[in-house]
>>> print(open('start-v4.csv').read())   # CSV, C-alpha atoms and all ligand atoms
chain,number,residue,atom,x,y,z
Y,1,MET,CA,0.0,0.0,0.0
Y,2,HIS,CA,1.2,3.5,-0.8
Y,3,SER,CA,2.4,5.3,2.3
Y,4,LEU,CA,-0.1,8.1,1.9
Y,5,ASP,CA,-3.0,5.6,1.8
Y,6,ARG,CA,-1.5,3.7,4.7
Y,7,PHE,CA,-1.3,7.0,6.7
Y,8,ALA,CA,-5.0,7.8,5.9
Y,9,SER,CA,-6.2,4.2,6.6
Y,10,ASP,CA,-4.4,4.1,10.0
Y,11,LYS,CA,-5.7,7.5,11.0
Y,12,LEU,CA,-9.3,6.5,10.0
Y,13,ALA,CA,-9.0,3.2,12.0
Y,14,HIS,CA,-7.8,5.1,15.0
Y,15,LEU,CA,-10.8,7.6,14.8
Y,16,GLU,CA,-13.2,4.7,14.2
Y,17,HIS,CA,-11.9,3.0,17.3
Y,18,ALA,CA,-12.5,6.1,19.4
Y,19,SER,CA,-16.0,6.7,18.0
Y,20,LEU,CA,-14.7,9.9,16.5
Y,21,ARG,CA,-14.8,9.1,12.7
Y,22,ARG,CA,-17.3,11.4,10.9
Y,23,VAL,CA,-19.2,10.2,7.9
Y,24,LEU,CA,-21.6,12.0,5.5
Y,25,ALA,CA,-25.2,11.1,5.2
Y,26,ASP,CA,-27.3,12.3,2.2
Y,27,SER,CA,-29.9,14.6,3.7
Y,28,VAL,CA,-32.8,16.0,1.8
Y,29,ARG,CA,-34.3,19.0,3.8
Y,30,ASP,CA,-37.6,20.6,3.4
Y,31,GLY,CA,-36.9,23.3,6.0
Y,32,LEU,CA,-38.0,21.3,9.0
Y,33,TYR,CA,-37.8,17.6,8.2
Y,34,VAL,CA,-34.8,15.8,6.8
Y,35,GLU,CA,-35.1,12.6,4.7
Y,36,ARG,CA,-32.3,10.2,5.3
Y,37,GLY,CA,-32.0,6.6,4.1
Y,38,GLY,CA,-35.7,6.7,3.1
Y,39,ARG,CA,-36.9,7.9,6.5
Y,40,LYS,CA,-38.3,11.3,7.2
Y,41,LEU,CA,-37.0,12.8,10.5
Y,42,LEU,CA,-38.1,15.9,12.4
Y,43,SER,CA,-34.8,17.8,12.5
Y,44,PHE,CA,-33.4,19.5,15.6
Y,45,SER,CA,-30.0,19.8,13.9
Y,46,CYS,CA,-30.4,22.6,11.4
Y,47,ASN,CA,-29.2,26.2,12.0
Y,48,ASP,CA,-32.0,27.4,9.7
Y,49,TYR,CA,-33.6,29.0,12.8
Y,50,LEU,CA,-36.3,30.9,10.9
Y,51,ASN,CA,-36.8,28.2,8.3
Y,52,LEU,CA,-36.0,30.8,5.7
Y,53,SER,CA,-33.9,28.5,3.4
Y,54,HIS,CA,-37.3,27.2,2.1
Y,55,HIS,CA,-39.3,30.5,2.4
Y,56,PRO,CA,-41.1,31.1,-1.0
Y,57,ALA,CA,-39.8,34.8,-1.2
Y,58,VAL,CA,-36.2,33.7,-0.5
Y,59,LYS,CA,-36.3,30.9,-3.1
Y,60,ALA,CA,-37.9,33.2,-5.6
Y,61,ALA,CA,-35.2,35.8,-5.1
Y,62,ALA,CA,-32.5,33.2,-5.6
Y,63,MET,CA,-34.1,32.0,-8.8
Y,64,ALA,CA,-34.6,35.5,-10.2
Y,65,ALA,CA,-30.9,36.3,-9.5
Y,66,ILE,CA,-29.8,33.3,-11.4
Y,67,GLU,CA,-31.9,34.4,-14.4
Y,68,LEU,CA,-30.4,37.9,-14.3
Y,69,TYR,CA,-26.8,37.3,-13.2
Y,70,GLY,CA,-26.0,33.6,-13.8
Y,71,ALA,CA,-25.1,30.9,-11.5
Y,72,GLY,CA,-21.6,32.0,-10.4
Y,73,ALA,CA,-19.9,35.3,-9.7
Y,74,GLY,CA,-17.2,34.4,-12.2
Y,75,ALA,CA,-14.3,36.1,-10.5
Y,76,SER,CA,-13.2,37.6,-7.2
Y,77,ARG,CA,-15.1,40.8,-6.2
Y,78,LEU,CA,-12.1,43.0,-6.9
Y,79,VAL,CA,-12.0,41.7,-10.5
Y,80,THR,CA,-15.5,41.3,-12.0
Y,81,GLY,CA,-17.4,39.3,-9.3
Y,82,ASN,CA,-19.0,42.3,-7.6
Y,83,HIS,CA,-22.5,42.0,-9.0
Y,84,PRO,CA,-24.9,44.7,-7.6
Y,85,LEU,CA,-26.7,42.3,-5.3
Y,86,LEU,CA,-23.5,42.2,-3.1
Y,87,THR,CA,-23.6,46.0,-2.6
Y,88,GLN,CA,-27.3,45.8,-1.8
Y,89,LEU,CA,-26.6,43.0,0.7
Y,90,GLU,CA,-23.9,45.0,2.4
Y,91,GLU,CA,-26.2,48.0,2.7
Y,92,LYS,CA,-28.9,45.8,4.3
Y,93,LEU,CA,-26.5,44.2,6.7
Y,94,ALA,CA,-25.1,47.6,7.8
Y,95,ARG,CA,-28.6,48.9,8.3
Y,96,LEU,CA,-29.7,45.9,10.4
Y,97,LYS,CA,-26.6,45.8,12.5
Y,98,GLY,CA,-26.5,49.6,13.0
Y,99,THR,CA,-23.0,50.1,11.5
Y,100,ASP,CA,-21.7,52.5,8.8
Y,101,ALA,CA,-20.6,49.7,6.4
Y,102,ALA,CA,-20.4,46.0,5.8
Y,103,CYS,CA,-18.2,43.5,3.8
Y,104,VAL,CA,-19.6,40.2,2.5
Y,105,PHE,CA,-17.3,37.2,2.2
Y,106,GLY,CA,-17.7,33.8,0.6
Y,107,SER,CA,-18.5,32.2,4.0
Y,108,GLY,CA,-18.3,32.8,7.7
Y,109,TYR,CA,-15.2,30.7,8.0
Y,110,LEU,CA,-13.6,32.7,5.2
Y,111,ALA,CA,-14.6,35.9,7.0
Y,112,ASN,CA,-12.9,35.1,10.2
Y,113,PHE,CA,-9.9,33.6,8.4
Y,114,GLY,CA,-9.5,36.9,6.5
Y,115,ILE,CA,-10.6,39.6,9.0
Y,116,ILE,CA,-8.3,38.6,11.9
Y,117,PRO,CA,-5.0,38.5,9.9
Y,118,ALA,CA,-5.9,41.7,8.1
Y,119,LEU,CA,-6.2,43.6,11.3
Y,120,THR,CA,-3.4,42.0,13.4
Y,121,GLY,CA,0.1,40.8,12.9
Y,122,ARG,CA,3.3,39.8,14.7
Y,123,ASP,CA,3.5,42.8,17.0
Y,124,ASP,CA,-0.1,42.3,18.3
Y,125,LEU,CA,-2.0,40.4,20.9
Y,126,ILE,CA,-5.2,38.4,20.4
Y,127,LEU,CA,-7.4,37.2,23.3
Y,128,ILE,CA,-9.9,34.5,22.4
Y,129,ASP,CA,-12.7,32.8,24.5
Y,130,ARG,CA,-11.7,29.2,24.9
Y,131,LEU,CA,-14.9,27.9,23.3
Y,132,SER,CA,-14.8,30.1,20.3
Y,133,HIS,CA,-15.4,28.5,16.8
Y,134,ALA,CA,-12.5,26.8,15.0
Y,135,CYS,CA,-12.3,29.5,12.4
Y,136,ILE,CA,-11.6,32.2,15.0
Y,137,HIS,CA,-8.7,30.2,16.3
Y,138,ALA,CA,-7.5,29.5,12.8
Y,139,GLY,CA,-7.6,33.2,11.8
Y,140,ALA,CA,-5.8,34.2,14.9
Y,141,GLN,CA,-3.0,31.6,14.3
Y,142,LEU,CA,-2.7,32.7,10.7
Y,143,SER,CA,-2.2,36.3,11.8
Y,144,GLY,CA,1.1,35.6,13.5
Y,145,ALA,CA,0.0,37.6,16.6
Y,146,ALA,CA,0.5,36.3,20.1
Y,147,CYS,CA,-2.7,34.4,21.1
Y,148,LEU,CA,-4.0,34.0,24.6
Y,149,ILE,CA,-7.0,32.0,25.5
Y,150,PHE,CA,-9.3,33.2,28.3
Y,151,ASP,CA,-11.7,30.9,30.2
Y,152,HIS,CA,-15.1,30.6,28.8
Y,153,ASN,CA,-17.1,33.8,29.4
Y,154,ASP,CA,-14.7,34.8,32.2
Y,155,THR,CA,-14.2,38.5,32.0
Y,156,SER,CA,-11.9,38.5,35.1
Y,157,HIS,CA,-9.6,36.0,33.4
Y,158,ALA,CA,-9.5,38.2,30.3
Y,159,GLU,CA,-8.7,41.2,32.5
Y,160,THR,CA,-5.9,39.4,34.2
Y,161,LEU,CA,-4.4,38.5,30.9
Y,162,LEU,CA,-4.7,42.0,29.6
Y,163,LYS,CA,-3.1,43.5,32.7
Y,164,ALA,CA,-0.2,41.1,32.5
Y,165,HIS,CA,0.4,41.4,28.7
Y,166,ARG,CA,-1.3,44.3,27.0
Y,167,SER,CA,1.6,46.8,27.4
Y,168,ARG,CA,4.0,44.7,25.4
Y,169,TYR,CA,2.0,44.8,22.2
Y,170,ARG,CA,1.2,47.4,19.6
Y,171,HIS,CA,-2.5,46.5,19.2
Y,172,ALA,CA,-4.8,44.1,21.0
Y,173,LEU,CA,-7.9,42.3,19.7
Y,174,LEU,CA,-10.4,40.4,21.9
Y,175,VAL,CA,-12.7,37.9,20.0
Y,176,THR,CA,-15.7,36.0,21.3
Y,177,GLU,CA,-19.0,34.7,20.1
Y,178,GLY,CA,-22.3,36.4,20.7
Y,179,VAL,CA,-24.0,33.0,21.1
Y,180,PHE,CA,-21.8,30.0,21.5
Y,181,SER,CA,-22.4,27.5,18.7
Y,182,MET,CA,-22.2,24.3,20.7
Y,183,ASP,CA,-23.3,25.5,24.1
Y,184,GLY,CA,-26.0,28.0,23.2
Y,185,ASP,CA,-25.0,30.4,26.0
Y,186,ARG,CA,-24.3,34.1,25.4
Y,187,ALA,CA,-21.1,36.1,26.0
Y,188,PRO,CA,-21.1,38.9,28.6
Y,189,LEU,CA,-20.9,41.5,25.9
Y,190,MET,CA,-21.3,44.6,28.1
Y,191,PRO,CA,-18.5,43.8,30.6
Y,192,LEU,CA,-16.2,42.6,27.8
Y,193,ALA,CA,-16.8,45.8,25.9
Y,194,SER,CA,-15.9,47.9,29.0
Y,195,LEU,CA,-12.8,45.8,29.5
Y,196,CYS,CA,-11.7,46.3,25.9
Y,197,GLN,CA,-12.3,50.1,26.2
Y,198,ALA,CA,-10.1,50.2,29.4
Y,199,PHE,CA,-7.2,48.5,27.7
Y,200,ASP,CA,-7.5,50.0,24.2
Y,201,CYS,CA,-8.3,46.5,22.9
Y,202,TRP,CA,-10.4,46.1,19.8
Y,203,PHE,CA,-13.6,44.1,20.4
Y,204,MET,CA,-14.9,41.6,17.8
Y,205,ILE,CA,-17.8,39.3,18.1
Y,206,ASP,CA,-18.8,36.4,15.9
Y,207,ASP,CA,-22.6,36.5,15.9
Y,208,ALA,CA,-23.2,33.6,13.6
Y,209,HIS,CA,-25.9,32.3,15.9
Y,210,GLY,CA,-27.3,35.6,17.1
Y,211,LEU,CA,-28.4,37.2,13.8
Y,212,GLY,CA,-32.1,36.7,13.2
Y,213,VAL,CA,-32.9,35.3,16.6
Y,214,LEU,CA,-31.8,37.9,19.2
Y,215,GLY,CA,-32.4,41.6,19.5
Y,216,ASP,CA,-35.5,41.5,17.2
Y,217,GLY,CA,-33.3,39.8,14.6
Y,218,LYS,CA,-30.5,42.3,14.8
Y,219,GLY,CA,-28.4,40.0,16.9
Y,220,SER,CA,-26.5,39.8,20.2
Y,221,ALA,CA,-25.2,43.3,20.3
Y,222,ALA,CA,-28.6,44.8,19.8
Y,223,GLU,CA,-30.1,42.4,22.4
Y,224,THR,CA,-27.5,43.7,24.9
Y,225,GLY,CA,-27.8,47.3,23.9
Y,226,CYS,CA,-24.1,47.6,23.2
Y,227,THR,CA,-23.9,47.9,19.4
Y,228,ALA,CA,-21.9,51.1,19.6
Y,229,ASN,CA,-19.3,49.4,21.9
Y,230,ILE,CA,-18.6,46.6,19.5
Y,231,PRO,CA,-16.6,47.9,16.6
Y,232,LEU,CA,-16.3,44.5,14.8
Y,233,GLN,CA,-19.5,42.5,14.3
Y,234,MET,CA,-18.9,39.4,12.2
Y,235,GLY,CA,-21.5,36.8,11.3
Y,236,THR,CA,-22.8,34.4,8.7
Y,237,LEU,CA,-25.7,34.3,6.3
Y,238,SER,CA,-25.8,30.5,6.4
Y,239,LYS,CA,-27.9,30.1,9.6
Y,240,ALA,CA,-31.0,32.2,10.4
Y,241,ALA,CA,-30.7,34.0,7.0
Y,242,GLY,CA,-31.1,30.6,5.4
Y,243,SER,CA,-28.5,31.2,2.6
Y,244,TYR,CA,-24.7,31.3,2.5
Y,245,GLY,CA,-21.9,33.8,2.9
Y,246,GLY,CA,-20.1,35.6,5.8
Y,247,TYR,CA,-19.9,39.2,6.7
Y,248,LEU,CA,-18.3,41.9,8.8
Y,249,CYS,CA,-20.2,45.0,9.9
Y,250,ALA,CA,-18.0,47.9,11.0
Y,251,SER,CA,-17.0,51.5,10.4
Y,252,LYS,CA,-16.3,52.7,6.9
Y,253,PRO,CA,-12.5,52.9,7.3
Y,254,VAL,CA,-12.3,49.4,8.7
Y,255,ILE,CA,-14.5,47.9,5.9
Y,256,ASP,CA,-12.5,49.8,3.3
Y,257,LEU,CA,-9.3,48.3,4.8
Y,258,ILE,CA,-10.7,44.8,4.9
Y,259,LYS,CA,-11.8,45.1,1.2
Y,260,THR,CA,-8.3,45.9,0.2
Y,261,ARG,CA,-6.3,43.7,2.7
Y,262,ALA,CA,-8.2,40.6,3.7
Y,263,ARG,CA,-6.8,37.7,1.7
Y,264,THR,CA,-9.9,35.5,1.8
Y,265,PHE,CA,-11.8,38.5,0.3
Y,266,ILE,CA,-9.2,39.4,-2.4
Y,267,TYR,CA,-8.2,35.9,-3.5
Y,268,SER,CA,-11.5,34.1,-3.5
Y,269,THR,CA,-14.5,34.2,-5.9
Y,270,GLY,CA,-17.4,36.4,-5.0
Y,271,LEU,CA,-20.5,35.0,-3.4
Y,272,PRO,CA,-22.8,33.5,-6.1
Y,273,PRO,CA,-25.7,35.9,-7.1
Y,274,ALA,CA,-28.4,33.4,-5.9
Y,275,SER,CA,-26.9,33.3,-2.4
Y,276,ALA,CA,-26.7,37.1,-2.2
Y,277,ALA,CA,-30.3,37.5,-3.4
Y,278,ALA,CA,-31.6,34.9,-1.0
Y,279,ALA,CA,-29.8,36.6,1.9
Y,280,CYS,CA,-31.2,40.0,0.8
Y,281,ALA,CA,-34.8,38.6,0.8
Y,282,ALA,CA,-34.2,36.9,4.2
Y,283,LEU,CA,-32.8,40.0,5.8
Y,284,ASP,CA,-35.9,41.9,4.6
Y,285,ILE,CA,-38.1,39.3,6.4
Y,286,ILE,CA,-35.9,39.5,9.5
Y,287,ALA,CA,-36.1,43.3,9.5
Y,288,CYS,CA,-39.8,43.5,9.3
Y,289,ASP,CA,-41.0,40.5,11.3
Y,290,PRO,CA,-39.7,40.7,14.9
Y,291,SER,CA,-42.4,38.3,16.1
Y,292,LEU,CA,-40.9,35.6,13.8
Y,293,THR,CA,-37.4,36.2,15.2
Y,294,ARG,CA,-38.6,35.6,18.8
Y,295,LEU,CA,-40.0,32.1,18.1
Y,296,PRO,CA,-36.9,29.9,18.1
Y,297,LEU,CA,-35.8,31.1,21.5
Y,298,ALA,CA,-39.3,30.9,22.9
Y,299,LYS,CA,-39.5,27.2,21.8
Y,300,ALA,CA,-36.0,26.5,23.2
Y,301,GLN,CA,-37.0,28.0,26.5
Y,302,HIS,CA,-40.2,26.0,26.6
Y,303,PHE,CA,-38.2,22.8,26.1
Y,304,THR,CA,-35.6,23.6,28.8
Y,305,LYS,CA,-38.4,24.4,31.3
Y,306,ARG,CA,-40.1,21.2,30.4
Y,307,LEU,CA,-36.9,19.1,31.0
Y,308,GLY,CA,-35.8,21.1,34.1
Y,309,LEU,CA,-32.6,22.3,32.3
Y,310,PRO,CA,-31.1,25.8,32.7
Y,311,LEU,CA,-33.2,28.3,30.8
Y,312,ALA,CA,-32.2,28.5,27.2
Y,313,GLN,CA,-30.3,31.7,26.3
Y,314,SER,CA,-30.6,31.0,22.5
Y,315,PRO,CA,-32.2,28.5,20.2
Y,316,ILE,CA,-29.3,26.1,20.9
Y,317,VAL,CA,-29.7,23.7,23.8
Y,318,PRO,CA,-26.8,21.3,24.6
Y,319,LEU,CA,-27.4,18.1,26.4
Y,320,ILE,CA,-24.0,17.0,27.6
Y,321,ILE,CA,-23.6,13.2,27.5
Y,322,GLY,CA,-19.9,12.7,28.0
Y,323,ALA,CA,-18.4,9.8,26.0
Y,324,PRO,CA,-18.7,10.0,22.2
Y,325,GLU,CA,-20.2,6.5,21.9
Y,326,ASP,CA,-22.9,7.4,24.4
Y,327,ALA,CA,-23.8,10.6,22.5
Y,328,LEU,CA,-24.0,8.5,19.3
Y,329,ALA,CA,-26.2,6.0,21.0
Y,330,ALA,CA,-28.6,8.7,22.2
Y,331,SER,CA,-28.7,10.2,18.7
Y,332,GLN,CA,-29.4,6.8,17.2
Y,333,PHE,CA,-32.2,6.2,19.8
Y,334,LEU,CA,-33.9,9.5,18.8
Y,335,SER,CA,-33.5,8.6,15.1
Y,336,SER,CA,-35.3,5.4,15.7
Y,337,GLU,CA,-38.2,7.5,17.2
Y,338,GLY,CA,-38.3,9.8,14.2
Y,339,PHE,CA,-36.1,12.7,15.4
Y,340,LEU,CA,-32.8,14.0,14.0
Y,341,VAL,CA,-30.6,15.2,16.8
Y,342,THR,CA,-26.9,14.7,15.8
Y,343,ALA,CA,-24.2,13.9,18.3
Y,344,ILE,CA,-21.5,16.5,18.6
Y,345,ARG,CA,-18.1,15.0,19.5
Y,346,PRO,CA,-14.5,16.2,20.1
Y,347,PRO,CA,-12.7,18.0,18.6
Y,348,THR,CA,-15.7,20.2,17.9
Y,349,VAL,CA,-16.3,20.2,21.7
Y,350,PRO,CA,-13.8,19.5,24.5
Y,351,ALA,CA,-13.0,15.9,25.3
Y,352,GLY,CA,-15.5,14.3,27.7
Y,353,THR,CA,-18.3,16.6,26.7
Y,354,ALA,CA,-19.8,14.9,23.7
Y,355,ARG,CA,-23.4,16.0,23.5
Y,356,LEU,CA,-26.7,16.2,21.7
Y,357,ARG,CA,-27.0,19.7,20.3
Y,358,ILE,CA,-30.7,20.5,20.0
Y,359,ALA,CA,-31.5,23.5,17.7
Y,360,PHE,CA,-35.0,25.0,17.7
Y,361,THR,CA,-36.5,26.8,14.8
Y,362,ALA,CA,-39.6,29.0,14.4
Y,363,ALA,CA,-41.6,26.3,12.7
Y,364,HIS,CA,-41.0,23.4,15.1
Y,365,PRO,CA,-44.5,22.1,16.1
Y,366,ASP,CA,-45.2,22.2,19.8
Y,367,ALA,CA,-46.3,18.5,19.8
Y,368,GLY,CA,-42.9,17.5,18.3
Y,369,ILE,CA,-41.1,19.4,21.0
Y,370,GLU,CA,-43.2,17.8,23.7
Y,371,ARG,CA,-42.5,14.3,22.4
Y,372,LEU,CA,-38.8,15.0,22.1
Y,373,ALA,CA,-38.8,16.2,25.7
Y,374,LEU,CA,-40.6,13.1,26.9
Y,375,LEU,CA,-38.3,10.7,25.0
Y,376,LEU,CA,-35.1,12.5,26.3
Y,377,ALA,CA,-36.3,12.5,29.9
Y,378,ALA,CA,-37.0,8.8,29.7
Y,379,TYR,CA,-33.8,8.0,27.9
Y,380,LEU,CA,-31.6,10.0,30.3
Y,381,GLU,CA,-33.3,8.4,33.3
Y,382,ARG,CA,-32.6,4.9,31.9
Y,383,GLN,CA,-29.0,5.7,31.0
Y,384,SER,CA,-28.0,7.7,34.0
Y,385,PRO,CA,-30.4,8.6,36.7
Y,386,CYS,CA,-27.9,11.2,38.1
Y,387,LEU,CA,-27.5,13.0,34.7
Y,388,ALA,CA,-31.3,13.2,34.3
Y,389,SER,CA,-31.8,14.8,37.6
Y,390,SER,CA,-28.8,17.1,37.5
Y,401,LIG,C1,-19.7,30.6,15.5
Y,401,LIG,C2,-19.5,30.3,14.1
Y,401,LIG,N1,-18.6,31.1,13.4
Y,401,LIG,C3,-18.4,30.8,12.1
Y,401,LIG,C4,-19.0,29.8,11.4
Y,401,LIG,C5,-18.7,29.5,10.0
Y,401,LIG,O1,-19.8,30.1,9.2
Y,401,LIG,P1,-20.0,29.5,7.7
Y,401,LIG,O2,-20.8,28.2,7.9
Y,401,LIG,O3,-20.8,30.5,7.0
Y,401,LIG,O4,-18.7,29.2,7.1
Y,401,LIG,C6,-19.9,29.0,12.1
Y,401,LIG,C7,-20.6,27.9,11.5
Y,401,LIG,O5,-20.3,26.7,11.6
Y,401,LIG,C8,-20.1,29.2,13.5
Y,401,LIG,O6,-20.9,28.4,14.2
>>> encode(input="start-v4.csv", output="structure tokens", more="lines below")
Ligand SMILES: Cc1ncc(COP(=O)(O)O)c(C=O)c1O
Amino acid sequence: MHSLDRFASDKLAHLEHASLRRVLADSVRDGLYVERGGRKLLSFSCNDYLNLSHHPAVKAAAMAAIELYGAGAGASRLVTGNHPLLTQLEEKLARLKGTDAACVFGSGYLANFGIIPALTGRDDLILIDRLSHACIHAGAQLSGAACLIFDHNDTSHAETLLKAHRSRYRHALLVTEGVFSMDGDRAPLMPLASLCQAFDCWFMIDDAHGLGVLGDGKGSAAETGCTANIPLQMGTLSKAAGSYGGYLCASKPVIDLIKTRARTFIYSTGLPPASAAAACAALDIIACDPSLTRLPLAKAQHFTKRLGLPLAQSPIVPLIIGAPEDALAASQFLSSEGFLVTAIRPPTVPAGTARLRIAFTAAHPDAGIERLALLLAAYLERQSPCLASS
């Protein structure tokens, strides 16, 4: 066997043994249900929090854009890929987020991978919440700046690190998530913003899971009333907006700099017209229907009350199981009962905290939520009476 294939096979066998190998399953979504292997499952594993990926107006906008502008952007935005829908999309984002300007990237991952190295370099310091998304850590590493990790949502720890290290660096950047993708909890934005102000540290939030579901759809900063204190608001259009693409909302000079320096913006093809048009239509719905944006959190909170869990702070509810094989077994049990709740395992989450990540959407039927709660309560009681009552 070729050494490359042997390397891959050995690595896969090791992952398989630890219940950490990931495999793809064909999934046909209709916005709420997912068809897999001929079975239709009620999905609690989609980030399409407002079910907008299948909204008639969103789909119609995407189809019309293809007719007008074609299927692909054809080049990077700085060459010929800057179709007018991208400018419209940036204007809508800036308006919704309350900033001067916005910049749209090919994805949220590309956004973080481009923004952070464009703003920081070798002489700078970056502080990151321990549970931040992989693309934040990746962007920080790429920048060449010194990276320090502060304990999850621990403003005092971040302060201790800034006190000890800030003076040795030219610029400092603190990055956290508005809503944590795998835990569903929210960052203490106000205290972190004050801390950043005190240490001349730039504050950036990744609000991938806040847009559309908090602050009447405007996101975590609006929910907390500190939009003006967060100069860098990054997010994605692939979750509540039901489309694809990433963005940064910030001041005009920052956005102008990003558009001329961020490598994932400059050296990557522009977002396809259909994705931009779909996102524009979705943002219009979000901006004018606050009652829709409140539903996912309301449903998540009903579920957590029903199960006696800490009150949900976002549409994401984690149920920590522990070992990866146990999380997989719980997911398989729910699948046999007609529910799709995927198991999240390391390295996406820390070792020993494999979990079910339950994501609520505006359209989830109350009866389905009730049945899921009953099944989970019974399952946890059977597996581990201590866990069920903790
Ligand atoms: C917190 C967070 N940031 C960034 C991303 C990446 O966004 P995208 O899927 O648009 O690449 C995700 C999605 O997985 C996320 O959860």
>>> closest_residue(input="start-v4.csv", among="Y:Ala278, Y:Arg39, Y:Leu127, Y:Pro350", to="Y:Leu161", atoms="only C-alpha atoms")
Y:Leu127
>>> closest_residue(input="start-v4.csv", among="Y:Arg122, Y:His14, Y:Arg77, Y:Lys40", to="Y:Ala140", atoms="only C-alpha atoms")
Y:Arg122
>>> closest_residue(input="start-v4.csv", among="Y:Pro84, Y:Ala118, Y:Gly212, Y:Arg22", to="Y:Lys259", atoms="only C-alpha atoms")
Y:Ala118
>>> closest_atom_pairs(input="start-v4.csv", of="chain Y", to="ligand LIG 401 (chain Y)", cutoff="10 Å", atoms="only C-alpha atoms and all ligand atoms", output="CSV")
residue,atom,partner,partner_atom,distance
Y:Asn47,CA,Y:LIG401,C7,8.8
Y:Phe105,CA,Y:LIG401,O3,9.0
Y:Gly106,CA,Y:LIG401,O3,7.8
Y:Ser107,CA,Y:LIG401,O3,4.1
Y:Gly108,CA,Y:LIG401,O1,3.4
Y:Tyr109,CA,Y:LIG401,O4,3.9
Y:Leu110,CA,Y:LIG401,O4,6.5
Y:Ala111,CA,Y:LIG401,O4,7.9
Y:Asn112,CA,Y:LIG401,C3,7.2
Y:Phe113,CA,Y:LIG401,C3,9.7
Y:Leu131,CA,Y:LIG401,C1,9.5
Y:Ser132,CA,Y:LIG401,C1,6.9
Y:His133,CA,Y:LIG401,C1,5.0
Y:Ala134,CA,Y:LIG401,N1,7.6
Y:Cys135,CA,Y:LIG401,C3,6.2
Y:Ile136,CA,Y:LIG401,N1,7.3
Y:Thr176,CA,Y:LIG401,C1,8.9
Y:Glu177,CA,Y:LIG401,C1,6.2
Y:Gly178,CA,Y:LIG401,C1,8.2
Y:Val179,CA,Y:LIG401,C1,7.5
Y:Phe180,CA,Y:LIG401,C1,6.4
Y:Ser181,CA,Y:LIG401,O6,4.8
Y:Met182,CA,Y:LIG401,O6,7.8
Y:Ile205,CA,Y:LIG401,C1,9.3
Y:Asp206,CA,Y:LIG401,N1,5.9
Y:Asp207,CA,Y:LIG401,C1,6.6
Y:Ala208,CA,Y:LIG401,C2,5.0
Y:His209,CA,Y:LIG401,C1,6.4
Y:Gly210,CA,Y:LIG401,C1,9.2
Y:Met234,CA,Y:LIG401,N1,8.4
Y:Gly235,CA,Y:LIG401,N1,6.7
Y:Thr236,CA,Y:LIG401,O3,4.7
Y:Leu237,CA,Y:LIG401,O3,6.2
Y:Ser238,CA,Y:LIG401,O3,5.0
Y:Lys239,CA,Y:LIG401,O2,7.5
Y:Ser243,CA,Y:LIG401,O3,8.9
Y:Tyr244,CA,Y:LIG401,O3,6.0
Y:Gly245,CA,Y:LIG401,O3,5.4
Y:Gly246,CA,Y:LIG401,O3,5.3
Y:Tyr247,CA,Y:LIG401,O3,8.8
>>> atom_distance(input="start-v4.csv", atom1="atom CA of Y:Lys97", atom2="atom CA of Y:Thr80")
27.3 Å
>>> closest_residue(input="start-v4.csv", among="Y:Ile149, Y:Leu32, Y:Ala274, Y:Leu292", to="Y:Gly215", atoms="all atoms listed in the file")
Y:Leu292
>>> residues_around(input="start-v4.csv", residues="Y:Lys218", least_positions_apart="2", cutoff="10 Å", atoms="only C-alpha atoms", output="PyMOL selection string")
chain Y and resi 93+95-98+207+210-216+220-223+227+283+286-287+290+293
>>> atom_distance(input="start-v4.csv", atom1="atom CA of Y:Pro273", atom2="atom CA of Y:Thr99")
23.6 Å
>>> atom_distance(input="start-v4.csv", atom1="atom CA of Y:Ile230", atom2="atom CA of Y:Leu192")
9.5 Å
>>> closest_atom_pairs(input="start-v4.csv", of="stretch 353-382 of chain Y", to="stretch 330-338 of chain Y", cutoff="9 Å", atoms="only C-alpha atoms", output="Markdown table")
| residue | atom | partner | partner_atom | distance |
| --- | --- | --- | --- | --- |
| Y:Leu356 | CA | Y:Ser331 | CA | 7.0 |
| Y:Leu372 | CA | Y:Leu334 | CA | 8.1 |
| Y:Leu375 | CA | Y:Leu334 | CA | 7.7 |
| Y:Leu376 | CA | Y:Leu334 | CA | 8.2 |
| Y:Tyr379 | CA | Y:Ala330 | CA | 7.7 |
| Y:Leu380 | CA | Y:Ala330 | CA | 8.7 |
>>> closest_residue(input="start-v4.csv", among="Y:Leu20, Y:Leu248, Y:Leu319, Y:Ala373", to="Y:Glu91", atoms="only C-alpha atoms")
Y:Leu248
>>> closest_residue(input="start-v4.csv", among="Y:Ala198, Y:Ala146, Y:Leu52, Y:Val254", to="Y:Lys163", atoms="all atoms listed in the file")
Y:Ala198
